[in-house]
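Below: one structure, written as structure tokens.
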Amino acid sequence: MITIICNGESRQLDQQVSVEQLMISLGLNPERVVAELNGRILNRSEYAVTMLANGAILELIRFVGGG
Amino acid sequence: MLTIAGKTFRSRLFTGTGKFSSPQVMQAALTASGSEMVTVALRRVDLHDPADDIMSVLARDHFFFLPNTAGARNASEAVRLAKLAESSGGGNWVKLEVTPDPRTLLPDPVETLAATGELVKAGFVVLPYMNADPILALRLQDAGAAAVMPLGSPIGTNQGVLTRFQVAIIIEQARVPVVVDAGIGAPSHAAEAMEMGADAVLVNTAIAVAGDPVRMAQAFAKAVEAGREAYEAGLGARRSEAEASSPQAGLDFLRE
Amino acid sequence: MFVAPDFQQLRARIAALGPEAVERALAKGRLDLDDLAALLSPAAEAFLPQLARRSAQLTSQRFGNVIQLYAPLYLSSFCTNRCAYCGFSADNAMSRRVLSFAEAEAEAMILHRRGFNHILLVSGEAPAKVGVEYLETLALRLRDKFAAISIEVQPLAADEYARLFAAGITSVAVYQETYDRAVYDRVHLGGKKRDFDYRLATPERAAVAGLREVGIGALLGLSDWRAEGLAMGHHLSYLRKEFWRTGLTVSFPRIRPAEGGFAPLAAVSERDLTQLIFALRLFDPDLGLYLSTREEARYRDGMLGLGPNRYSAGSCTVPGGYGDTEASGAQFEIDDQRSLDAVSVAIRAKGLDPVRKDWDAIFQQQDQGRRLAA
């Protein structure tokens with residue numbers, strides 16, 4: 001059981017998962033989401049191989065409408 | 001054809017993707033506008049409604065996404081947003097928006113200049129949104145901005161090119177394309193900006209909140225084309241002040 | 001780097017323009033190079049009174065009722081160039097003189113006591129006599145006596161200009177003489193001045209080095225004055241774009257008699273000179289426009305308030321000539337021989353204010369310029 005902070009909210013995960021696995025489990029398309037883990041921006045190629053540890057701070061960001 | 005940082009555009013109308021009533025209306029309007037470059041913002045995914053992905057309706061092969069740093073209140077927030085945008089894999093272009101005052105959304109000149117320098121050094125193609133300050137425009141160009149984007153009037157006010165006098169100076173002095181952005185509320189405003197010699201305009205609110213955004217988008221497209229044609233055709237002279245009543249300049253002293 | 005447009009093409013552009021183009025240009029707020037061409041064309045001659053009115057209006061808006069006064073200080077008549085039109089040509093047999101630092105300072109003090117705050121240091125091209133070290137030393141000695149010190153000497157390198165700027169030189173004047181390459185080649189018979197392109201790039205080098213002002217000009221009478229005007233317009237446009245922090249000025253030397261008796265190759269009447277001055281004022285209202293004592297008093301007085309805003313007075317083009325009024329060896333003959341006081345009276349009579357300074361170099365930060373790269 002690990003706890004991470006995702007988009008400012010506390011989240012409990014049964015096991016260590018990769019960033020990509022988390023995105024999919026949240027119903028997100030990894031191709032359309034940008035991730036910042038513990039203050040570091042991840043390359044898309046890193047999503048599948050970066051595991052989330054206890055206490056990780058994850059920001060998931062996407063493009064939205066704007067001027 | 002307009003060229004910015006080596007990329008050519010047939011359409012001189014750039015559009016924003018915000019404030020539309022639905023993704024479908026946005027897609028239809030932007031397609032009708034003929035715009036080839038659209039601005040997008042960056043926000044946290046709403047984890048309670050993860051399917052809400054407004055941008056999925058815009059084909060990336062049809063529209064070039066220009067991420068903006070809307071929401072940034074200082075240079076370091078803007079730089080962070082720019083880097084987040086870049087990591088999405090869509091390129092290294094950024095519309096730099098640093099707006100510390102949420103009421104007026106006017107751009108901070110000091111932070112914008114600082115962020116421009118930093119992002120240019122990091123290899124970004126930077127298009128800074130700025131108040132229509134000619135000296136700032138020159139400083140941003142010196143810092144490596146690929147274009148400058150002076151506002152016509154504050155975001156969302158639809159007041160037109162209130163800054164016309166300064167924008168004219170910016171256009172005259174510019175070494176990079178000038179895109180008039182913000183405050184363009186009607187096609188006539190867009191035409192005016194183009195007649196003055198602006199290289200392009202960016203329109204968002206006026207299209208998004210129109211009664212019929214698709215038709216409004218078409219109207220804007222026509223206005224931008226008309227204004228540009230008029231500029232290239234060589235507009236007739238229009239004096240800004242009446243013939244001054246200066247004393248008759250006598251040239252009787254001339255001998256040869 | 002600035003590339004001079006093809007001179008014959010400039011002439012063709014001007015020749016193709018008629019009265020409609022002139023009227024368009026006169027009615028516009030902001031003029032472009034095509035408008036300048038129209039104002040320089042023969043068709044514009046008929047519009048001289050309108051040009052005068054607009055030029056007077058723009059000059060007044062930009063500079064108010066102020067005429068800036070300055071004096072030339074000739075440091076040396078030694079020259080290694082052989083220019084067909086110049087009294088200092090190495091071919092001319094005349095006794096040459098270079099002022100020592102003490103002599104130069106003495107001359108400068110005469111000007112200082114007369115009330116001048118802006119002086120123009122002039123010399124022929126003879127670096128062994130007047131080189132960077134000489135100018136640097138002299139500038140350091142003179143800087144607290146004068147608000148602005150300009151130089152009109154041989155073209156220097158950017159880092160040399162930077163040194164001089166740090167020493168107190170505030171502006172650099174370098175006239176291309178003619179933008180017509182063919183004529184340039186014919187009249188510059190020997191010496192480093194034969195290099196057209198090096199000379200052409202000189203204003204940029206001075207601007208890069210951080211000089212506050214850079215002055216250009218053509219020696220009227222060498223080639224087609226209309227095309228010279230348009231070439232200067234191109235040059236000014238380039239300098240404005242690339243060096244927005246640098247002030248720009250234009251001078252209008254018109255060939256006058258000199259040792260060797262060089263006659264103008266192309267006629268330039270007073271009306272022509274007038275049209276050229278007005279055209280440039282309309283094209284770029286922010287230019288400093290110089291009218292020197294080569295021109296007659298009647299003409300200079302007539303032009304007050306109409307466009308030129310920088311006047312010399314009581315000038316002498318002989319090194320040491322302010323102290324020794326019998327000295328000979330002038331670069332060119334002065335036509336307006338009036339003293340500073342007499343010229344000031346004439347200026348005031350026109351409702352204008354003769355000003356001896358508008359800046360103090362002491363306020364200047366010795367910033368080496370942002371782009372001091374080669």
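Chain labels A, B, ... are given in the sequence in which chains occur in the structure tokens; within each chain residues are numbered consecutively from 1, and ligands are likewise numbered from 1 in the order shown.
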
Distance query stretch 102-119 of chain C at most 10 Å, only C-alpha atoms, self and fewer than 4 positions along chain excluded, as an MDAnalysis selection string: chainID C and resid 68:76 98 138:139 141:142 145:151 170 312:315 319:324 339:341 355:360

Neighbouring residues of stretch 273-276 of chain C were defined as those with any atom within 10 Å, considering only C-alpha atoms; residues of the same chain fewer than 2 positions away were excluded. Please report them as a ChimeraX atom specification. /B:251,254 /C:36,39-42,44-45,47-49,51-52,220,225-226,228-230,252-254,268-271,278-281,299,303,306-308

For those residues, write C-alpha atoms to a file as a CSV table (one decimal), in the first residue's frame.
chain,number,residue,atom,x,y,z
B,251,LEU,CA,11.5,80.3,-49.8
B,254,LEU,CA,16.7,80.8,-52.4
C,36,LEU,CA,11.3,59.4,-50.1
C,39,LEU,CA,10.0,63.6,-52.6
C,40,LEU,CA,13.5,63.5,-54.2
C,41,SER,CA,12.1,63.3,-57.8
C,42,PRO,CA,12.1,66.1,-60.3
C,44,ALA,CA,8.6,67.1,-56.3
C,45,GLU,CA,10.4,70.4,-57.3
C,47,PHE,CA,6.0,71.1,-54.4
C,48,LEU,CA,8.8,72.8,-52.7
C,49,PRO,CA,6.6,75.2,-50.6
C,51,LEU,CA,7.6,70.3,-48.5
C,52,ALA,CA,8.9,73.4,-46.7
C,220,LEU,CA,26.9,66.7,-52.9
C,225,TRP,CA,22.1,64.1,-55.5
C,226,ARG,CA,18.6,62.5,-55.7
C,228,GLU,CA,22.4,59.9,-52.9
C,229,GLY,CA,19.4,61.0,-50.9
C,230,LEU,CA,17.6,57.7,-51.5
C,252,PHE,CA,24.9,68.1,-46.4
C,253,PRO,CA,28.4,69.1,-47.5
C,254,ARG,CA,28.2,70.6,-50.9
C,268,VAL,CA,23.6,70.6,-57.1
C,269,SER,CA,21.8,74.0,-56.8
C,270,GLU,CA,20.5,75.6,-53.6
C,271,ARG,CA,17.0,74.5,-54.6
C,278,PHE,CA,13.2,68.6,-46.7
C,279,ALA,CA,12.8,65.1,-48.2
C,280,LEU,CA,15.0,63.6,-45.4
C,281,ARG,CA,13.2,65.6,-42.7
C,299,TYR,CA,20.9,80.6,-47.3
C,303,MET,CA,16.6,77.7,-43.7
C,306,LEU,CA,12.5,74.9,-42.0
C,307,GLY,CA,14.5,71.7,-41.3
C,308,PRO,CA,18.1,71.8,-40.3

Quick one: pull the distance between atom CA of C:Thr293 and atom CA of C:Arg97, Å, one decimal.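 For atom CA of C:Thr293 relative to atom CA of C:Arg97, the distance reads 22.1 Å.
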
Hey, can you check how far atom CA of C:Val318 sits from atom CA of C:Ala330? 4.6 Å

Kindly provide, as a VMD selection string, the residues of chain A having any atom no farther than 12 Å from an atom of chain B, counting only C-alpha atoms. chain A and resid 6 to 11 22 to 37 39 to 47 58 to 67

Just the residues within 10 Å of B:Val79, please, counting only C-alpha atoms, with nothing from its chain fewer than 2 positions along; format it as a PyMOL selection string. chain B and resi 69+72+74-77+81-85+94+96+98+114-116+118-119+122

Export of the given selection (N, CA and C atoms) as an mmCIF file, in the first residue's frame:
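Everything below was put into selection-v2.cif:
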data_model
loop_
_atom_site.group_PDB
_atom_site.id
_atom_site.type_symbol
_atom_site.label_atom_id
_atom_site.label_comp_id
_atom_site.auth_asym_id
_atom_site.auth_seq_id
_atom_site.Cartn_x
_atom_site.Cartn_y
_atom_site.Cartn_z
ATOM 1 N N THR B 69 1.240 30.205 -21.683
ATOM 2 C CA THR B 69 1.577 30.039 -20.270
ATOM 3 C C THR B 69 0.559 30.775 -19.408
ATOM 4 N N ALA B 72 0.413 31.914 -15.493
ATOM 5 C CA ALA B 72 1.715 32.241 -14.878
ATOM 6 C C ALA B 72 1.690 33.674 -14.373
ATOM 7 N N ASN B 74 4.605 34.902 -12.870
ATOM 8 C CA ASN B 74 5.983 35.399 -12.909
ATOM 9 C C ASN B 74 6.782 34.544 -13.886
ATOM 10 N N ALA B 75 8.004 34.935 -14.118
ATOM 11 C CA ALA B 75 8.824 34.267 -15.130
ATOM 12 C C ALA B 75 9.030 32.799 -14.810
ATOM 13 N N SER B 76 9.264 32.494 -13.537
ATOM 14 C CA SER B 76 9.591 31.089 -13.253
ATOM 15 C C SER B 76 8.384 30.188 -13.444
ATOM 16 N N GLU B 77 7.180 30.680 -13.145
ATOM 17 C CA GLU B 77 5.974 29.878 -13.420
ATOM 18 C C GLU B 77 5.807 29.704 -14.922
ATOM 19 N N LEU B 81 5.729 26.192 -17.094
ATOM 20 C CA LEU B 81 4.631 25.825 -17.994
ATOM 21 C C LEU B 81 5.138 25.548 -19.398
ATOM 22 N N ALA B 82 6.073 26.374 -19.844
ATOM 23 C CA ALA B 82 6.625 26.173 -21.188
ATOM 24 C C ALA B 82 7.289 24.803 -21.286
ATOM 25 N N LYS B 83 8.020 24.450 -20.259
ATOM 26 C CA LYS B 83 8.716 23.162 -20.286
ATOM 27 C C LYS B 83 7.739 21.996 -20.198
ATOM 28 N N LEU B 84 6.666 22.172 -19.443
ATOM 29 C CA LEU B 84 5.633 21.143 -19.395
ATOM 30 C C LEU B 84 5.024 20.968 -20.780
ATOM 31 N N ALA B 85 4.749 22.088 -21.426
ATOM 32 C CA ALA B 85 4.142 22.020 -22.758
ATOM 33 C C ALA B 85 5.062 21.303 -23.730
ATOM 34 N N VAL B 94 6.136 28.513 -27.800
ATOM 35 C CA VAL B 94 5.343 28.912 -26.644
ATOM 36 C C VAL B 94 4.875 30.354 -26.800
ATOM 37 N N LEU B 96 4.152 33.230 -24.680
ATOM 38 C CA LEU B 96 4.492 33.594 -23.317
ATOM 39 C C LEU B 96 3.504 34.611 -22.779
ATOM 40 N N VAL B 98 2.490 36.257 -19.155
ATOM 41 C CA VAL B 98 2.755 36.378 -17.725
ATOM 42 C C VAL B 98 1.841 37.475 -17.204
ATOM 43 N N ALA B 114 12.214 38.755 -18.833
ATOM 44 C CA ALA B 114 13.108 37.786 -18.184
ATOM 45 C C ALA B 114 12.836 36.375 -18.706
ATOM 46 N N ALA B 115 11.559 36.017 -18.782
ATOM 47 C CA ALA B 115 11.204 34.665 -19.239
ATOM 48 C C ALA B 115 11.597 34.469 -20.694
ATOM 49 N N THR B 116 11.445 35.524 -21.505
ATOM 50 C CA THR B 116 11.822 35.402 -22.915
ATOM 51 C C THR B 116 13.299 35.058 -23.040
ATOM 52 N N GLU B 118 15.264 33.651 -20.885
ATOM 53 C CA GLU B 118 15.552 32.307 -20.377
ATOM 54 C C GLU B 118 15.076 31.234 -21.356
ATOM 55 N N LEU B 119 13.883 31.413 -21.881
ATOM 56 C CA LEU B 119 13.337 30.389 -22.776
ATOM 57 C C LEU B 119 14.056 30.366 -24.121
ATOM 58 N N ALA B 122 17.020 28.439 -23.714
ATOM 59 C CA ALA B 122 16.730 27.012 -23.591
ATOM 60 C C ALA B 122 16.252 26.429 -24.913
#

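For B:Arg139, the set of protein, DNA and RNA residues having any atom at most 12 Å away, when counting only C-alpha atoms and skipping those fewer than 5 positions along the same chain, is Pro109, Val110, Thr112, Leu113, Ala114, Thr116, Gly117, Pro128, Met130, Asp133, Pro134, Gly144, Ala145, Ala147, Val148, Ile170, Gln173, Ala174 and Arg175 of chain B; Phe243, Trp244, Arg245 and Arg370 of chain C.
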
Show which residues sit within 6 Å of B:Met194, as a PyMOL selection string. Count only C-alpha atoms, and ignore same-chain residues fewer than 4 positions away. chain B and resi 198+227-228

Restricted to C-alpha atoms, what would the selected residues look like written as a CSV table (one decimal), in the first residue's frame?
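The file below, again.csv, is the result:
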chain,number,residue,atom,x,y,z
B,198,ALA,CA,0.4,43.8,-38.6
B,227,GLY,CA,-7.0,44.1,-44.4
B,228,ARG,CA,-3.9,42.4,-45.6

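The closest residue to chain C, picked from B:Leu235, B:Val125, B:Met149, B:Ile4 and counting only C-alpha atoms, is B:Leu235.
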
So which residues touch A:Ala53 within 9 Å, counting only C-alpha atoms, skipping near sequence neighbours fewer than 6 positions away, as a list in words? Ile2, Thr3, Ile4, Gln16 and Val17 of chain A

List every residue of stretch 181-297 of chain C that DSSP, applied to the backbone, labels as alpha helix (DSSP H), and write the result as a PyMOL selection string. chain C and resi 181-187+196-200+202-208+225-242+270-283+297

Please, which residues of stretch 200-271 of chain C, numbered as in this document, come out strand (DSSP E or B) from DSSP, as a PyMOL selection string? chain C and resi 213-218+220+247-251+254

With a distance cut-off of 6 Å and only C-alpha atoms, select the neighbouring residues of C:Phe78, excluding the residue or stretch itself and same-chain residues fewer than 3 positions from it, and output the selection as a PyMOL selection string. chain C and resi 96+124+126

Kindly save the residues from that selection, with N, CA and C atoms included, as a PDB file, in the first residue's frame.
ATOM      1  N   ARG C  96      51.527  71.033 -44.114  1.00  0.00           N
ATOM      2  CA  ARG C  96      50.618  70.300 -43.251  1.00  0.00           C
ATOM      3  C   ARG C  96      50.941  70.579 -41.802  1.00  0.00           C
ATOM      4  N   GLY C 124      42.529  64.610 -41.138  1.00  0.00           N
ATOM      5  CA  GLY C 124      42.711  63.770 -42.319  1.00  0.00           C
ATOM      6  C   GLY C 124      43.091  62.379 -41.846  1.00  0.00           C
ATOM      7  N   ALA C 126      45.635  59.999 -41.230  1.00  0.00           N
ATOM      8  CA  ALA C 126      47.077  59.772 -41.076  1.00  0.00           C
ATOM      9  C   ALA C 126      47.270  59.256 -39.668  1.00  0.00           C
TER      10      ALA C 126
END

To one decimal in Å, tell me the separation between atom CA of B:Thr104 and atom CA of B:Gly183.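 Pair atom CA of B:Thr104 / atom CA of B:Gly183 returns 11.6 Å.
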